[in-house]
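Report on the structure given below.
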There are 4 protein chains.
Amino acid sequence: MSGLTVGVDVGGTKIAAGVVDEDGKLIASTRRETPATDTHMVLEAIADGVRELRTGHEVVGVGIGAAGFVDAARAKVMFAPNLAWRDEDLRGELSMALDLPVVVENDANSVAWAESRFGAGRDHDDLVAITIGTGVGGGIVTNGRLLRGGFGVAAEIGHITMVPYGRRCGCGLQGCWEQYGSGRALVGEAREIARHSPAFAAGLLAAAGGDPEAITGEMVTAAAQQGDVGALHCFDEIGRWIGLGLAQLAAVLDPTLFVIGGGVSAAGEVLRGRVEETFRANLTGRGHRPVAEVRLAELGWESGMVGAADLARTSDDSAVPGSDR
Amino acid sequence: MSGLTVGVDVGGTKIAAGVVDEDGKLIASTRRETPATDTHMVLEAIADGVRELRTGHEVVGVGIGAAGFVDAARAKVMFAPNLAWRDEDLRGELSMALDLPVVVENDANSVAWAESRFGAGRDHDDLVAITIGTGVGGGIVTNGRLLRGGFGVAAEIGHITMVPYGRRCGCGLQGCWEQYGSGRALVGEAREIARHSPAFAAGLLAAAGGDPEAITGEMVTAAAQQGDVGALHCFDEIGRWIGLGLAQLAAVLDPTLFVIGGGVSAAGEVLRGRVEETFRANLTGRGHRPVAEVRLAELGWESGMVGAADLARTSDDSAVPGSDR
Amino acid sequence: MSGLTVGVDVGGTKIAAGVVDEDGKLIASTRRETPATDTHMVLEAIADGVRELRTGHEVVGVGIGAAGFVDAARAKVMFAPNLAWRDEDLRGELSMALDLPVVVENDANSVAWAESRFGAGRDHDDLVAITIGTGVGGGIVTNGRLLRGGFGVAAEIGHITMVPYGRRCGCGLQGCWEQYGSGRALVGEAREIARHSPAFAAGLLAAAGGDPEAITGEMVTAAAQQGDVGALHCFDEIGRWIGLGLAQLAAVLDPTLFVIGGGVSAAGEVLRGRVEETFRANLTGRGHRPVAEVRLAELGWESGMVGAADLARTSDDSAVPGSDR
Amino acid sequence: MSGLTVGVDVGGTKIAAGVVDEDGKLIASTRRETPATDTHMVLEAIADGVRELRTGHEVVGVGIGAAGFVDAARAKVMFAPNLAWRDEDLRGELSMALDLPVVVENDANSVAWAESRFGAGRDHDDLVAITIGTGVGGGIVTNGRLLRGGFGVAAEIGHITMVPYGRRCGCGLQGCWEQYGSGRALVGEAREIARHSPAFAAGLLAAAGGDPEAITGEMVTAAAQQGDVGALHCFDEIGRWIGLGLAQLAAVLDPTLFVIGGGVSAAGEVLRGRVEETFRANLTGRGHRPVAEVRLAELGWESGMVGAADLARTSDDSAVPGSDR
């Protein structure tokens, strides 16, 4: 499919929609608040955003990136933690409302696809993109294709178990990766040292007006970039866990590249360097195999839209189960 | 490619070669001991086996399954723990010696491919096959293709970390899955209870003539199938760890099927049922997503040959990186 | 010292004071709310309670049991998490205000002493008493004496690490025992299964009106005693962790008895049996050494007062550091 | 009891006996090989050593320090891993053979007592002495007395669980402290890095003639003291685990001092500094309580004899259960 497509990034608070061209360039975009309490109104808001963008551009397809479990047919959202959708047929309802082809994809998968096509991974066919925000998400590209899994739920990588009987996770399990290597963990570590080792956390406490509970991820990142020892310790902690997680994924998937994105990756080399060091030290078979690169993401907030839009364009030939590229 | 192909399974002690037809049927086979100390003699032994088989059958290609890291081009063995190969160009040397097309693949990947094409997974496009022998190996099929990884080293699943700072592994890391969910772990558990809780291990000790160190995996399996409490406890232990590992893999890969094979799977339902129970209880998002099946492997000792032979036939259109199926 | 003494149990919400005789019998008692915001008013409330009791009884000493770190001289509270005391000289101020000898002791130590003298451990000289409430506290009696530690802070047993990098604890560490084997853990487990496995938790949800967050420890205990499978699972979990903790303590201290008390011990044999089973299976050197008994506490809410009162009576000859060597 | 006593240190390969005066000074000593296969011959060898020493000195009692579980009466060795003793009445047989009072004590307890009376802890009443050799042993002194436990088996501290489901231990459990913080662990770590990261372990490999399996603890210690990075890494590892273990013990026992002895402590400050750092960072309630010191042992190979001899002298008034209450 050639021409312009629209990518929609559906989050718990905002819906962002954008027109994207064949080179992954965002040409126009619009936003709406997410009317989270009413599943039908969310569909209306998505359709409304697409219609606005079509007034100025010839659009040939729509890709939706949504936080949740999307089925293997790329049509239904089976479950979305922050929205009320349960087995919601987004593709059916939106393609009828808009008279356009629609594909639905998990949001972290959309981001991974965007980085793979137009971002840090455009020269790689086998990569894992990790999105480190409050939690940890991810998407896998293998042999140039998005790995969707047999039921469409692949790459819930934030929920591999790092610590048996470890910290409780909102998913119902214990010791999930995202309890140790996420933005939430970064802030948790910072507040903990502020409460129990205030001298060590003096820089962080100063930034937060003396209140441990007021420390934010942005404060930790800013302090770390200025060399604050307490803040760097927090990145030591999460960087180590993220690197250990990459080593698990490399054992299973053997990508040639890891792309680190999401809000926490704003820390840049402070994070990347720590992650890479632990990853390399914990890779099985080290010394006898090539080692994947670890890069920071190149695309920003628009990557979800860009990836979803590109999947709308390419899904016929590369990403629909059972078809070829 | 149509016609008969030869599959070769190269192990540390035996080389098995067989003629396989397009339906995965083994038509003829031959064996040789592995001359492990001399890498060139191993190549000779492989070539000799293929030549013997060609005397009676029209063979159009050769697939080699070898324990070790095979490169992305399916040509070289970069590293083999039980053989002296280091960056050994098996494809180059054997295709010249035999004047036939040759592909090389990791042995556990070959087994996974065989189960996926002709065994327990022939009705599935997304599966993970786990080979539980002394250690734990595996192969991944996603969207009907073998996942080889960017460097060719994918699916070293026995070395995902289950226990931080856990038992030392021969790979140099600590707490690897195969230290907990393998045949070695089964026997280790059995000997441990025999040493420290002889009453509980009475059945196992009786089978081993009273010597804890004489207990074998076969003894534990036989005793478990007769309901011996000590032996069942050993399967409780490894079954739980195997199930936990499947839950990790499902979080990342979302297959529709797990196939459990290898020597330990001879225990049958004693093992499968335990594995499935723990897998289901530890799957992230349980209740909101479909759950993969857990089946026992259907092919036996010949699966490595069958898979390698089939990869030789199908590699042009499905399994060589960059080509289509 | 012979005669009647007063024991005072100072908690975050209530102050309970009682007259106790030489046989550990509570003769009279009184209560006040804890004026938590003002450290001086807490002292006043304690003194007021003791004065009320003295009007009807001849009292020869006062023992104070307080949640917090008490110094080696049994005089000062160095730190109390729920009160504002910091290096508060309770003995100095109260003995002057009341003109009576005063000793101060940690509350869980007081409880352990009471059980050791008059409760489940009155026939044992070497015991550990575990108080399982919201958290986990404890006290150690060795060779008939209370083990106070060199600084007076002994037996913070709820904070031994059970899981490296495990659940965060309010003490600033990770993986502390009380995050796994306490009333809080019991309720946490119950709510978790209610959220993620509602069918399994049907009995608990029914008791809580369908709201996972409304489940209380009392509900779990009541349901477990009626055989509810979900509730019993919760006791399986905490019982196992409590038993593992006893095994750690036995390795270090080798008591002849463990006494299990605190609010969670109201579950009785449902808890005790599970604890004992795991304890026995995880005792180092099992088979080559005698194994400690595990009993439920015999004293109830009054044990803190009884223990503190008895320490006031006996401190001259058995429990004041340096007094009798 | 005043006068000279004999202390005997009974190990798996050597029996050492010495005359010790009231100031803990070793006046004369003698050695024999341990006739390990015959329990009666071990008794004969002990008696023979004592008789030799009595020819030149007036001896009033004998203390035996033995690796194993000694009963509460300090008479019998219930179990000794390296000798064939099972419920062996050492006191009965030796006191009859020698016509002298005899006490029996665990060897690590004897060492702890010696350090407490005459070594690094002579100014402390509450200490834990850790003996770090191939494994980890220990002894506890609380309020000036040796803590023997109710059955006599106290302070098997090497077998507290540091890692759930961790490395197998010879005691039958998993994850015991001595699998992580001992001389065996030090050598294990060194050999592992030599096998898998030879460049990092270049100094260690040079010392061992290039063979990872030839690396010894002495080599690691010597290299670390010269600043070798690989060797220092090994001490980082075991120092961290030892420090974590001290934090556990401090939570329970609250000593004012830890004494680090045994063969591995020959590394001196290289070990002590690392241990103290981790101990301090992992102490529950840090900031609100005094922190124990960490010192190196002052006594050497003779400490087992000296401790056992002193226990023979002082057992009447301080260390026999039930003697002085």
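Ordering of the structure tokens sets the chain letters (A, B, ...); residue numbers start at 1 within each chain; ligands are numbered from 1 in the order shown.
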Quick one: everything within 10 Å of C:Leu249, counting only C-alpha atoms, minus sequence neighbours fewer than 5 positions away in the same chain. Send it as a PyMOL selection string. (chain C and resi 128+140+157+160+243-244+254-255+258+279+283) or (chain D and resi 154-157+160+249+252)
Please return as a ChimeraX atom specification: the residues of stretch 100-268 of chain A that backbone DSSP assigns to strand (DSSP E). /A:102-106,127-132,136-142,145-146,257-261
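Among the candidate residues D:Val294, D:Ala281, D:Val136, D:Leu26, the one lying nearest to chain C is D:Ala281, with distances computed using only C-alpha atoms.
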Contacts of chain B with chain C up to 8 Å, shortest pair per row, only C-alpha atoms, as JSON lines:
{"residue": "B:His196", "atom": "CA", "partner": "C:Gly287", "partner_atom": "CA", "distance": 7.3}
{"residue": "B:Ser197", "atom": "CA", "partner": "C:Gly287", "partner_atom": "CA", "distance": 7.7}
{"residue": "B:Arg286", "atom": "CA", "partner": "C:His196", "partner_atom": "CA", "distance": 7.5}
{"residue": "B:Gly287", "atom": "CA", "partner": "C:His196", "partner_atom": "CA", "distance": 7.3}
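Computed from the coordinates, the atom CA of D:Arg145 to atom CA of C:Met78 distance equals 25.6 Å.
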Write down as a VMD selection string the residues of stretch 128-218 of chain C whose backbone DSSP state falls under alpha helix (DSSP H). chain C and resid 183 to 196 202 to 207 217 to 218
Using only C-alpha atoms, which protein or nucleic acid residues come within 9 Å of D:Gly137? Drop anything in the same chain fewer than 6 positions from it, and give the result as a ChimeraX atom specification. /D:107-109,129-131,155-159,178,262
Contacts of D:Val229 at 10 Å (only C-alpha atoms; same-chain gap of 6+ positions) as an MDAnalysis selection string: chainID D and resid 200:204 223 235
Could you turn the residues from that selection into a file that holds C-alpha atoms, as a compact mmCIF listing (two decimals), in the first residue's frame?
# COMPACT_ATOMS: atom_id res chain seq x y z
CA PHE D 200 40.27 -10.39 33.50
CA ALA D 201 41.86 -13.28 35.40
CA ALA D 202 45.29 -12.94 33.81
CA GLY D 203 47.05 -12.45 37.15
CA LEU D 204 45.37 -15.48 38.70
CA ALA D 223 47.14 -11.47 44.12
CA PHE D 235 36.96 -10.60 47.33
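When only C-alpha atoms are used to compute distances to A:Leu147, the closest of the residues A:Gln226, A:Leu253, A:Gly181, A:Arg280 turns out to be A:Leu253.
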Within 7 Å of B:Val60, counting only C-alpha atoms, which residues show up once you throw out same-chain ones fewer than 4 positions away? Write them as a VMD selection string, please. chain B and resid 3 to 5 100
Polymer residues at most 7 Å from A:Val111, only C-alpha atoms, same-chain spacing of 5 or more positions, as number ranges by chain: A: 303-304, 307
Could you name the residues that touch D:Val259 at 9 Å or less, counting only C-alpha atoms, but leaving out those on the same chain fewer than 2 positions away, as a list of chain:residue names? D:Ala112, D:Glu115, D:Ser116, D:Ala120, D:Gly121, D:Leu127, D:Val128, D:Ala129, D:Ile130, D:Thr131, D:Leu257, D:Gly261, D:Glu293, D:Val294, D:Arg295, D:Leu296, D:Ala297, D:Glu298
Quick one, how far is atom CA of A:Gly63 from atom CA of A:Ile260? 23.1 Å
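The interatomic distance for the pair atom CA of C:Arg240 and atom CA of C:Glu218 works out to 19.4 Å.
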